[in-house]
Structures are given as C-alpha cells and as structure tokens.
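Engineer: I am sharing structure20.pdb, which consists of PDB, C-alpha atoms and all ligand atoms:
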```pdb
ATOM      1  CA  MET A 217     -48.004 128.643 130.435
ATOM      2  CA  ARG A 218     -44.979 127.451 128.439
ATOM      3  CA  PHE A 219     -41.917 127.801 130.661
ATOM      4  CA  ARG A 220     -38.973 125.592 129.809
ATOM      5  CA  THR A 221     -35.427 126.156 131.041
ATOM      6  CA  THR A 222     -32.145 124.843 129.676
ATOM      7  CA  ASP A 223     -28.821 125.519 131.359
ATOM      8  CA  LEU A 224     -26.420 127.106 128.894
ATOM      9  CA  THR A 225     -23.277 126.076 130.827
ATOM     10  CA  PRO A 226     -22.940 124.168 134.121
ATOM     11  CA  ARG A 227     -22.099 127.266 136.243
ATOM     12  CA  ILE A 228     -23.834 130.226 134.578
ATOM     13  CA  GLY A 229     -26.638 131.085 132.191
ATOM     14  CA  THR A 230     -30.094 129.662 131.533
ATOM     15  CA  LEU A 231     -32.145 129.819 128.363
ATOM     16  CA  ILE A 232     -35.833 130.380 129.138
ATOM     17  CA  GLU A 233     -38.439 129.377 126.578
ATOM     18  CA  ILE A 234     -41.635 131.236 127.255
ATOM     19  CA  ASP A 235     -44.414 132.769 125.151
ATOM     20  CA  ARG A 236     -43.712 136.376 124.310
ATOM     21  CA  GLU A 237     -47.103 137.476 125.709
ATOM     22  CA  THR A 238     -46.522 135.666 128.994
ATOM     23  CA  LEU A 239     -43.056 137.171 129.404
ATOM     24  CA  LEU A 240     -44.310 140.676 128.664
ATOM     25  CA  SER A 241     -47.303 140.286 130.990
ATOM     26  CA  GLY A 242     -44.912 139.965 133.957
ATOM     27  CA  ALA A 243     -46.691 136.792 135.115
ATOM     28  CA  ALA A 244     -43.376 134.914 135.238
ATOM     29  CA  SER A 245     -41.211 137.692 136.649
ATOM     30  CA  ASN A 246     -40.869 136.212 140.155
ATOM     31  CA  GLN A 247     -39.914 132.840 138.711
ATOM     32  CA  ILE A 248     -37.379 134.487 136.391
ATOM     33  CA  THR A 249     -35.885 136.495 139.277
ATOM     34  CA  GLU A 250     -35.248 133.287 141.213
ATOM     35  CA  ILE A 251     -33.406 131.792 138.243
ATOM     36  CA  LEU A 252     -31.474 135.020 137.710
ATOM     37  CA  VAL A 253     -30.268 135.050 141.310
ATOM     38  CA  GLN A 254     -29.069 131.431 141.078
ATOM     39  CA  ARG A 255     -27.771 131.327 137.492
ATOM     40  CA  GLY A 256     -26.561 134.920 136.914
ATOM     41  CA  VAL A 257     -27.863 135.253 133.354
ATOM     42  CA  VAL A 258     -31.119 134.402 131.588
ATOM     43  CA  ALA A 259     -31.596 134.538 127.818
ATOM     44  CA  PHE A 260     -34.744 134.646 125.699
ATOM     45  CA  ARG A 261     -34.917 134.111 121.924
ATOM     46  CA  ASP A 262     -37.299 135.670 119.372
ATOM     47  CA  MET A 263     -38.776 138.359 121.625
ATOM     48  CA  GLU A 264     -38.366 141.409 119.333
ATOM     49  CA  VAL A 265     -39.426 143.809 122.078
ATOM     50  CA  THR A 266     -40.226 147.454 121.407
ATOM     51  CA  ASP A 267     -38.800 150.077 123.778
ATOM     52  CA  ASP A 268     -42.176 150.420 125.521
ATOM     53  CA  GLU A 269     -42.431 146.669 125.943
ATOM     54  CA  GLN A 270     -38.902 146.503 127.360
ATOM     55  CA  LEU A 271     -39.720 149.174 129.927
ATOM     56  CA  LYS A 272     -43.006 147.500 130.848
ATOM     57  CA  LEU A 273     -41.212 144.177 131.260
ATOM     58  CA  ALA A 274     -38.495 145.817 133.361
ATOM     59  CA  ARG A 275     -41.101 147.401 135.649
ATOM     60  CA  SER A 276     -42.709 144.006 136.189
ATOM     61  CA  PHE A 277     -39.483 143.078 138.022
ATOM     62  CA  ARG A 278     -38.589 146.286 139.814
ATOM     63  CA  GLU A 279     -38.336 150.022 139.610
ATOM     64  CA  VAL A 280     -36.186 151.131 136.669
ATOM     65  CA  GLU A 281     -33.013 153.238 137.019
ATOM     66  CA  GLY A 282     -33.111 156.648 135.364
ATOM     67  CA  GLY A 283     -30.291 159.130 135.851
ATOM     68  CA  LYS A 284     -28.070 160.631 133.159
ATOM     69  CA  SER A 285     -28.346 157.560 130.906
ATOM     70  CA  GLY A 286     -32.152 157.531 130.998
ATOM     71  CA  GLU A 287     -34.429 154.544 131.488
ATOM     72  CA  LEU A 288     -33.583 153.118 128.095
ATOM     73  CA  TYR A 289     -29.921 153.561 127.255
ATOM     74  CA  ARG A 290     -28.772 152.918 123.691
ATOM     75  CA  VAL A 291     -25.464 151.010 123.717
ATOM     76  CA  SER A 292     -23.793 152.356 120.594
ATOM     77  CA  TYR A 293     -20.667 154.071 119.272
ATOM     78  CA  ASP A 294     -22.860 156.534 117.386
ATOM     79  CA  PRO A 295     -23.110 159.840 119.306
ATOM     80  CA  LYS A 296     -26.488 160.509 117.670
ATOM     81  CA  GLU A 297     -27.857 157.297 119.200
ATOM     82  CA  ASN A 298     -25.831 157.519 122.409
ATOM     83  CA  PRO A 299     -24.909 161.111 123.247
ATOM     84  CA  VAL A 300     -23.985 160.243 126.848
ATOM     85  CA  GLY A 301     -21.790 157.180 126.299
ATOM     86  CA  ALA A 302     -20.559 156.869 122.694
ATOM     87  CA  ALA A 303     -17.115 158.267 123.553
ATOM     88  CA  ILE A 304     -16.537 155.644 126.245
ATOM     89  CA  ASN A 305     -18.408 152.701 124.710
ATOM     90  CA  ILE A 306     -15.152 150.806 124.116
ATOM     91  CA  ALA A 307     -14.799 150.459 127.916
ATOM     92  CA  SER A 308     -17.673 147.944 127.827
ATOM     93  CA  CYS A 309     -15.307 145.546 126.027
ATOM     94  CA  PHE A 310     -13.431 145.031 129.321
ATOM     95  CA  TRP A 311     -14.790 142.999 132.235
ATOM     96  CA  HIS A 312     -16.951 145.114 134.507
ATOM     97  CA  ILE A 313     -19.800 145.296 136.985
ATOM     98  CA  ASP A 314     -22.231 148.108 136.167
ATOM     99  CA  ARG A 315     -22.016 151.276 138.278
ATOM    100  CA  THR A 316     -19.032 150.753 140.545
ATOM    101  CA  ASP A 317     -19.146 154.551 140.835
ATOM    102  CA  VAL A 318     -22.119 154.341 143.213
ATOM    103  CA  VAL A 319     -22.758 152.737 146.589
ATOM    104  CA  LEU A 320     -25.923 150.918 145.530
ATOM    105  CA  PRO A 321     -25.506 149.337 142.071
ATOM    106  CA  PRO A 322     -28.380 148.102 139.884
ATOM    107  CA  PHE A 323     -29.725 144.664 140.750
ATOM    108  CA  ALA A 324     -30.002 143.548 137.154
ATOM    109  CA  THR A 325     -29.876 144.735 133.573
ATOM    110  CA  ILE A 326     -31.987 143.883 130.527
ATOM    111  CA  LEU A 327     -30.338 144.105 127.105
ATOM    112  CA  SER A 328     -32.185 143.680 123.809
ATOM    113  CA  ALA A 329     -30.569 143.323 120.397
ATOM    114  CA  LYS A 330     -31.522 145.963 117.822
ATOM    115  CA  VAL A 331     -28.704 146.001 115.262
ATOM    116  CA  LEU A 332     -26.204 143.151 115.345
ATOM    117  CA  SER A 333     -22.491 143.265 114.584
ATOM    118  CA  PRO A 334     -20.980 140.785 112.095
ATOM    119  CA  PRO A 335     -20.939 137.155 113.329
ATOM    120  CA  GLY A 336     -18.056 136.351 115.674
ATOM    121  CA  THR A 337     -17.922 139.944 116.974
ATOM    122  CA  GLY A 338     -19.981 141.806 119.566
ATOM    123  CA  ASP A 339     -20.941 138.747 121.608
ATOM    124  CA  THR A 340     -21.601 139.570 125.262
ATOM    125  CA  GLU A 341     -19.792 137.410 127.790
ATOM    126  CA  PHE A 342     -20.671 136.968 131.444
ATOM    127  CA  ALA A 343     -18.681 135.596 134.383
ATOM    128  CA  ASN A 344     -20.193 134.199 137.576
ATOM    129  CA  THR A 345     -18.463 136.007 140.446
ATOM    130  CA  TYR A 346     -20.217 133.865 143.078
ATOM    131  CA  ALA A 347     -18.842 130.642 141.617
ATOM    132  CA  ALA A 348     -15.378 132.154 141.219
ATOM    133  CA  TYR A 349     -15.351 133.174 144.881
ATOM    134  CA  GLU A 350     -16.703 129.821 146.087
ATOM    135  CA  ASP A 351     -13.940 127.901 144.273
ATOM    136  CA  LEU A 352     -11.069 130.016 145.629
ATOM    137  CA  PRO A 353      -8.662 128.127 147.891
ATOM    138  CA  ASP A 354      -9.426 128.813 151.583
ATOM    139  CA  LYS A 355      -6.047 130.554 151.949
ATOM    140  CA  ASP A 356      -7.068 133.123 149.318
ATOM    141  CA  LYS A 357     -10.537 133.567 150.810
ATOM    142  CA  LEU A 358      -8.994 134.378 154.179
ATOM    143  CA  SER A 359      -6.415 136.793 152.834
ATOM    144  CA  ILE A 360      -8.792 138.801 150.601
ATOM    145  CA  GLU A 361     -11.697 138.954 153.066
ATOM    146  CA  PRO A 362     -10.649 142.254 154.725
ATOM    147  CA  LEU A 363      -9.368 143.969 151.563
ATOM    148  CA  ARG A 364     -10.865 147.100 150.079
ATOM    149  CA  VAL A 365     -10.390 148.453 146.583
ATOM    150  CA  GLU A 366     -10.610 151.941 145.154
ATOM    151  CA  HIS A 367     -12.699 152.161 141.961
ATOM    152  CA  ARG A 368     -12.312 155.015 139.480
ATOM    153  CA  MET A 369     -14.124 155.154 136.151
ATOM    154  CA  GLU A 370     -11.153 157.011 134.738
ATOM    155  CA  THR A 371      -9.095 153.825 135.225
ATOM    156  CA  ALA A 372     -11.606 151.943 133.072
ATOM    157  CA  PHE A 373     -11.535 154.582 130.350
ATOM    158  CA  ARG A 374      -7.703 154.765 130.332
ATOM    159  CA  GLN A 375      -7.436 150.983 130.067
ATOM    160  CA  ALA A 376      -9.789 150.990 127.074
ATOM    161  CA  MET A 377      -8.283 154.080 125.435
ATOM    162  CA  PRO A 378      -4.602 154.228 126.436
ATOM    163  CA  ASP A 379      -3.757 156.591 123.562
ATOM    164  CA  ALA A 380      -6.652 159.015 124.062
ATOM    165  CA  THR A 381      -5.869 162.622 123.172
ATOM    166  CA  GLU A 382      -6.720 165.548 125.447
ATOM    167  CA  GLU A 383      -9.657 166.318 123.132
ATOM    168  CA  GLU A 384     -10.994 162.779 123.469
ATOM    169  CA  ILE A 385     -10.492 162.786 127.227
ATOM    170  CA  ALA A 386     -12.538 165.987 127.402
ATOM    171  CA  LEU A 387     -15.529 163.953 126.106
ATOM    172  CA  TRP A 388     -15.339 161.394 128.928
ATOM    173  CA  PRO A 389     -17.953 161.734 131.668
ATOM    174  CA  ASN A 390     -16.263 163.277 134.710
ATOM    175  CA  HIS A 391     -19.103 163.375 137.200
ATOM    176  CA  MET A 392     -18.309 159.941 138.665
ATOM    177  CA  THR A 393     -16.587 160.148 142.021
ATOM    178  CA  PRO A 394     -14.130 157.410 143.130
ATOM    179  CA  LYS A 395     -15.564 154.809 145.500
ATOM    180  CA  ILE A 396     -14.000 152.298 147.843
ATOM    181  CA  HIS A 397     -15.653 148.875 147.856
ATOM    182  CA  PRO A 398     -14.770 145.613 149.588
ATOM    183  CA  LEU A 399     -13.107 142.986 147.389
ATOM    184  CA  VAL A 400     -15.543 140.394 148.717
ATOM    185  CA  TRP A 401     -19.246 141.191 148.491
ATOM    186  CA  ARG A 402     -21.138 139.775 151.481
ATOM    187  CA  HIS A 403     -24.697 139.287 150.295
ATOM    188  CA  ARG A 404     -27.820 139.253 152.416
ATOM    189  CA  ASP A 405     -28.470 135.567 151.727
ATOM    190  CA  GLY A 406     -25.049 134.655 153.139
ATOM    191  CA  ARG A 407     -23.394 134.039 149.776
ATOM    192  CA  LYS A 408     -20.244 135.888 148.775
ATOM    193  CA  SER A 409     -18.986 137.097 145.409
ATOM    194  CA  LEU A 410     -15.963 138.982 144.071
ATOM    195  CA  ILE A 411     -16.141 142.682 143.275
ATOM    196  CA  LEU A 412     -13.788 143.024 140.307
ATOM    197  CA  SER A 413     -14.199 145.489 137.476
ATOM    198  CA  ASN A 414     -12.270 147.563 134.958
ATOM    199  CA  SER A 415     -12.615 150.473 137.393
ATOM    200  CA  ALA A 416     -10.547 148.698 140.105
ATOM    201  CA  THR A 417      -7.589 151.028 140.617
ATOM    202  CA  ARG A 418      -5.705 150.063 143.766
ATOM    203  CA  VAL A 419      -5.992 147.812 146.770
ATOM    204  CA  ILE A 420      -5.992 149.920 149.899
ATOM    205  CA  GLY A 421      -2.873 149.311 152.000
ATOM    206  CA  MET A 422      -0.906 147.537 149.246
ATOM    207  CA  SER A 423       1.770 148.876 146.953
ATOM    208  CA  GLU A 424       0.575 149.659 143.424
ATOM    209  CA  THR A 425       2.465 146.656 142.000
ATOM    210  CA  GLU A 426       1.282 144.196 144.642
ATOM    211  CA  GLY A 427      -2.318 145.393 144.422
ATOM    212  CA  ARG A 428      -2.395 145.299 140.618
ATOM    213  CA  ALA A 429      -0.896 141.794 140.618
ATOM    214  CA  LEU A 430      -3.605 140.600 143.025
ATOM    215  CA  LEU A 431      -6.442 142.204 141.031
ATOM    216  CA  ASP A 432      -5.064 140.759 137.761
ATOM    217  CA  ARG A 433      -4.689 137.292 139.291
ATOM    218  CA  LEU A 434      -8.254 137.333 140.652
ATOM    219  CA  LEU A 435      -9.652 138.607 137.342
ATOM    220  CA  ALA A 436      -7.875 135.819 135.451
ATOM    221  CA  TRP A 437      -9.295 133.315 137.963
ATOM    222  CA  ALA A 438     -12.842 134.675 137.850
ATOM    223  CA  THR A 439     -12.988 134.680 134.045
ATOM    224  CA  LYS A 440     -11.798 131.117 133.497
ATOM    225  CA  PRO A 441     -14.027 129.395 130.908
ATOM    226  CA  GLU A 442     -15.852 127.338 133.561
ATOM    227  CA  TYR A 443     -17.311 130.530 135.113
ATOM    228  CA  CYS A 444     -18.279 132.144 131.788
ATOM    229  CA  TYR A 445     -21.160 132.166 129.337
ATOM    230  CA  ARG A 446     -20.749 133.874 125.971
ATOM    231  CA  HIS A 447     -23.995 135.013 124.360
ATOM    232  CA  ARG A 448     -23.949 134.977 120.566
ATOM    233  CA  TRP A 449     -26.683 137.409 119.660
ATOM    234  CA  ARG A 450     -29.508 136.641 117.232
ATOM    235  CA  PRO A 451     -32.140 139.146 116.064
ATOM    236  CA  GLY A 452     -34.899 139.441 118.663
ATOM    237  CA  ASP A 453     -32.781 138.240 121.598
ATOM    238  CA  LEU A 454     -33.297 139.586 125.089
ATOM    239  CA  VAL A 455     -30.793 138.876 127.863
ATOM    240  CA  MET A 456     -30.900 139.722 131.570
ATOM    241  CA  TRP A 457     -28.030 139.527 134.016
ATOM    242  CA  ASN A 458     -27.753 139.745 137.762
ATOM    243  CA  ASN A 459     -25.367 142.654 138.213
ATOM    244  CA  THR A 460     -24.711 141.681 141.838
ATOM    245  CA  GLY A 461     -23.228 138.282 141.006
ATOM    246  CA  THR A 462     -21.706 138.583 137.546
ATOM    247  CA  MET A 463     -19.285 140.645 135.490
ATOM    248  CA  HIS A 464     -19.729 141.155 131.778
ATOM    249  CA  ARG A 465     -17.984 142.468 128.688
ATOM    250  CA  ALA A 466     -18.755 142.885 125.007
ATOM    251  CA  HIS A 467     -16.400 141.120 122.635
ATOM    252  CA  TYR A 468     -14.728 143.559 120.269
ATOM    253  CA  TYR A 469     -16.792 144.793 117.308
ATOM    254  CA  ASP A 470     -16.095 147.404 114.662
ATOM    255  CA  PRO A 471     -17.237 150.779 116.054
ATOM    256  CA  LYS A 472     -18.538 151.644 112.585
ATOM    257  CA  CYS A 473     -20.665 148.495 112.126
ATOM    258  CA  GLY A 474     -23.804 150.097 113.617
ATOM    259  CA  ARG A 475     -24.303 147.553 116.437
ATOM    260  CA  ARG A 476     -26.981 148.827 118.805
ATOM    261  CA  MET A 477     -28.431 147.327 121.979
ATOM    262  CA  HIS A 478     -31.073 148.808 124.251
ATOM    263  CA  ARG A 479     -30.321 148.560 127.948
ATOM    264  CA  THR A 480     -32.556 149.005 130.983
ATOM    265  CA  ALA A 481     -31.232 148.700 134.532
ATOM    266  CA  LEU A 482     -33.314 147.634 137.528
ATOM    267  CA  VAL A 483     -32.846 149.460 140.813
ATOM    268  CA  GLY A 484     -30.746 147.514 143.317
ATOM    269  CA  ASP A 485     -31.190 146.914 147.016
ATOM    270  CA  GLU A 486     -27.791 145.466 147.917
ATOM    271  CA  PRO A 487     -24.991 147.988 148.460
ATOM    272  CA  PHE A 488     -21.492 146.786 147.562
ATOM    273  CA  ASP A 489     -20.619 147.233 151.183
ATOM    274  CA  ALA A 490     -22.987 145.370 153.499
ATOM    275  CA  ASP A 491     -21.994 147.727 156.325
ATOM    276  CA  LYS A 492     -23.599 150.561 154.384
ATOM    277  CA  VAL A 493     -27.014 148.878 154.437
ATOM    278  CA  SER A 494     -28.460 151.483 156.756
ATOM    279  CA  ALA A 495     -26.723 154.453 155.169
ATOM    280  CA  VAL A 496     -27.295 154.067 151.464
ATOM    281  CA  THR A 497     -26.579 157.029 149.241
ATOM    282  CA  VAL A 498     -26.009 156.899 145.524
TER
HETATM  283  C1  LIG A 501     -22.782 146.770 128.625
HETATM  284  O1  LIG A 501     -21.660 146.613 129.072
HETATM  285  O2  LIG A 501     -23.685 147.212 129.317
HETATM  286  C2  LIG A 501     -23.096 146.423 127.198
HETATM  287  C3  LIG A 501     -22.651 145.082 126.798
HETATM  288  C4  LIG A 501     -22.724 144.888 125.313
HETATM  289  O3  LIG A 501     -22.716 145.858 124.554
HETATM  290  O4  LIG A 501     -22.743 143.735 124.888
END
```
So that I can check it, write out the structure of this file as structure tokens.
Ligand code: SIN
Structural biologist:
Amino acid sequence: MRFRTTDLTPRIGTLIEIDRETLLSGAASNQITEILVQRGVVAFRDMEVTDDEQLKLARSFREVEGGKSGELYRVSYDPKENPVGAAINIASCFWHIDRTDVVLPPFATILSAKVLSPPGTGDTEFANTYAAYEDLPDKDKLSIEPLRVEHRMETAFRQAMPDATEEEIALWPNHMTPKIHPLVWRHRDGRKSLILSNSATRVIGMSETEGRALLDRLLAWATKPEYCYRHRWRPGDLVMWNNTGTMHRAHYYDPKCGRRMHRTALVGDEPFDADKVSAVTV
C-alpha cells in the first residue's frame, strides 16, 4: 500500500499520498485518523471523488452527521445548490469551529473540491488551536482557564453581513440556540485547545469591551502564520480537518464565481465542555 506523508507546515497540515482505491476502501482510515488528531488537517490530491464515494469514505471513519444540512452539504452561494446555507455562506470567510451552536460538535469534516474559484481566491485556511494554546504564556493560560464564552450564530452572521437588510436577515437560519462553552477545551487525552469562533459573543463575567478585547487578542494569537496552513485548491482535492483542534475559514471569493465544495461532517464524541461528558445533548 502506497502511504507517504509530507508535513505541509511545521505545526499543522499533512499531505497524504495514497492510491485512490486504498483511500476509498477505508483500509487506511485508522492511520489517517491518528495523523488528523496530531496534525489537524490532512490533504489528498487527485482523488476526484463522487458524492457516493465521499459518503462511503466518511463512513469508514465514523458515523456521518445528518440534520438540516444533510449528509452531503454543498458549500455554495447559489441557493439552488445550497438552499439551507447560501444566504449565510459569507460567514465561512471568518475564522470558525463548526457547530458552536451544539454541545457535541463534529469530530472532523471532509471537503472535496467540485468547482474552483479563480486562483488566489477561495483558499481554505486552517489554524491549530492546540498549538496556539500550548504556546500561550503561563500567565494567560492561568487567567483564561476558568472563563466561559457565550456563542451565538447571529453574531457570526452580523460580523459577515454588517449591512444586512431586514429582508436578508429573514433568510438567516434562526433555529440555533445560544450556547455557553469554556474558552479552554479540555480534551480526553489531556491536551487543551482554544475554543474561538466567529460566534463568540461575550465572555461571561466581563464587560463587553474587556471580553471583546480578550477574544480579539486570542484570535490574533491563534491565527499567527506559524499556527496556520492555507490550502490552495486544485481539481480533485480532498481535505479533512479535525474540528476539535482547529479553526478554519475560506479566503474571500466572488459569490458569483460558481465555487462549490461538498462537505461531510463526522459525528463527534468530545463535547466542548468536558463536564458535560455524561449529559450530552445536541
Ligand atoms: C466551511 O467553512 O465549512 C467551508 C470552507 C470553505 O468553503 O472553504
């Protein structure tokens, strides 16, 4: 079995060279999961997967998330392609962790390129939130350890669309209830990562200004170039990220350019809040 890995940056991202058939068979899925947990992102070139193949591959890792977005969500500004999310697609251009509106977020996400945007636009960038936490000065680690943050999807949508009209706002999904998550994610294996996202609205117990300043400072820290990998898409690419230890964002692309990606999320088993381990509800 051909299985060659090359680190894409020192702190995040690994390119895996593997035969298409072997990848799709699931024979390497355990090995890939181990790399994903350590490196945050894995990328494959020249895979050209069909939707059925993507779902089969996803199921070789874990159960697939369904819900309102379906098992295979089309990332697109075109409401015909993406009836659920076209109106809020621009929010994906801001740093986020998927599904901060639930207690138990997806473990990982698979994204395959279908229609690319013009070169230099529409790259997907990832930031390693484990590495960012590990490198924080001890003073910061101590002070943020007990903090909790309210997350609202509306905050993410307003940041992305500050001039939205009432008519546009009426198209935003409104079924997502606010959630309070710790700022520091204590993982089962003992590691810790930062929970930062475009949905972060306020730090509980801090004034709005103080809380916003802290969240902005941590976001700037966690997205320094040394923690980031920027994927420049080629036709046939397939990328997977560990949603429990990374943030991601799409670089701006013209909403009319037709860019389309197919996304499948894998069911998670680590709640944001370790104390909720025995009382998980989504
Ligand atoms: C996403 O945020 O899930 C999509 C990222 C992208 O479109 O590159």
Engineer: How would you write, as a list in words, the residues chosen by the PyMOL selection byres (((chain A and resi 474) around 12) and not hetatm) on this structure?
Structural biologist: Arg290, Val291, Ser292, Tyr293, Asp294, Pro295, Lys296, Glu297, Asn298, Ala302, Ala329, Lys330, Val331, Leu332, Ser333, Pro334, Gly338, Tyr469, Asp470, Pro471, Lys472, Cys473, Arg475, Arg476 and Met477 of chain A
Engineer: Could you report the residues within 8 Å of ligand LIG 501 (chain A), using all atoms listed in the file, as an MDAnalysis selection string?
Structural biologist: chainID A and resid 291:292 307:309 312 314 325 327 338:341 464:467 476:477 479
Engineer: For the residues selected in the previous step, produce a file with C-alpha atoms as a compact mmCIF listing (two decimals), in the frame of the given file.
Structural biologist:
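File written: selection_13.txt
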```txt
# COMPACT_ATOMS: atom_id res chain seq x y z
CA VAL A 291 -25.46 151.01 123.72
CA SER A 292 -23.79 152.36 120.59
CA ALA A 307 -14.80 150.46 127.92
CA SER A 308 -17.67 147.94 127.83
CA CYS A 309 -15.31 145.55 126.03
CA HIS A 312 -16.95 145.11 134.51
CA ASP A 314 -22.23 148.11 136.17
CA THR A 325 -29.88 144.74 133.57
CA LEU A 327 -30.34 144.10 127.10
CA GLY A 338 -19.98 141.81 119.57
CA ASP A 339 -20.94 138.75 121.61
CA THR A 340 -21.60 139.57 125.26
CA GLU A 341 -19.79 137.41 127.79
CA HIS A 464 -19.73 141.16 131.78
CA ARG A 465 -17.98 142.47 128.69
CA ALA A 466 -18.76 142.88 125.01
CA HIS A 467 -16.40 141.12 122.64
CA ARG A 476 -26.98 148.83 118.80
CA MET A 477 -28.43 147.33 121.98
CA ARG A 479 -30.32 148.56 127.95
```
Engineer: Taking into account only C-alpha atoms, which residue in the set A:Thr222, A:Thr381, A:Asn344, A:Thr316 is nearest to Trp457 of chain A?
Structural biologist: A:Asn344
Engineer: Measuring atom to atom with only C-alpha atoms, identify which of A:Trp311, A:Phe260, A:Tyr445, A:Tyr289 is nearest to Leu224 of chain A.
Structural biologist: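 Of A:Trp311, A:Phe260, A:Tyr445, A:Tyr289, the one nearest Leu224 of chain A, counting only C-alpha atoms, is A:Tyr445.
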Engineer: Find the distance between atom CA of Tyr468 of chain A and atom CA of Thr439 of chain A and write it in Å to one decimal.
Structural biologist: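 Here the two named atoms are 16.5 Å from each other.
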Engineer: If I wrap all listed atoms of segment 254-266 of chain A in a box with edges along x, y and z and add 8 Å on each side, what are its centre and edge lengths in Å to one decimal, as lines of an AutoDock Vina configuration file?
Structural biologist:
```
center_x = -33.4
center_y = 139.4
center_z = 130.2
size_x = 29.7
size_y = 32.1
size_z = 37.7
```
Engineer: Write out as a list of chain:residue names the residues lying within 12 Å of Ala386 of chain A, counting all atoms listed in the file and excluding same-chain residues fewer than 4 positions away.
Structural biologist: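 In the requested format, the answer is A:Ala303, A:Ile304, A:Glu370, A:Phe373, A:Ala380, A:Thr381, A:Glu382, A:Asn390.
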Engineer: Taking (-16.1, 154.8, 141.4) in the file's coordinates, which residues come within 9 Å, counting only C-alpha atoms, written as an NGL selection string?
Structural biologist: :A and (315-319 or 366-370 or 392-397 or 415-416)
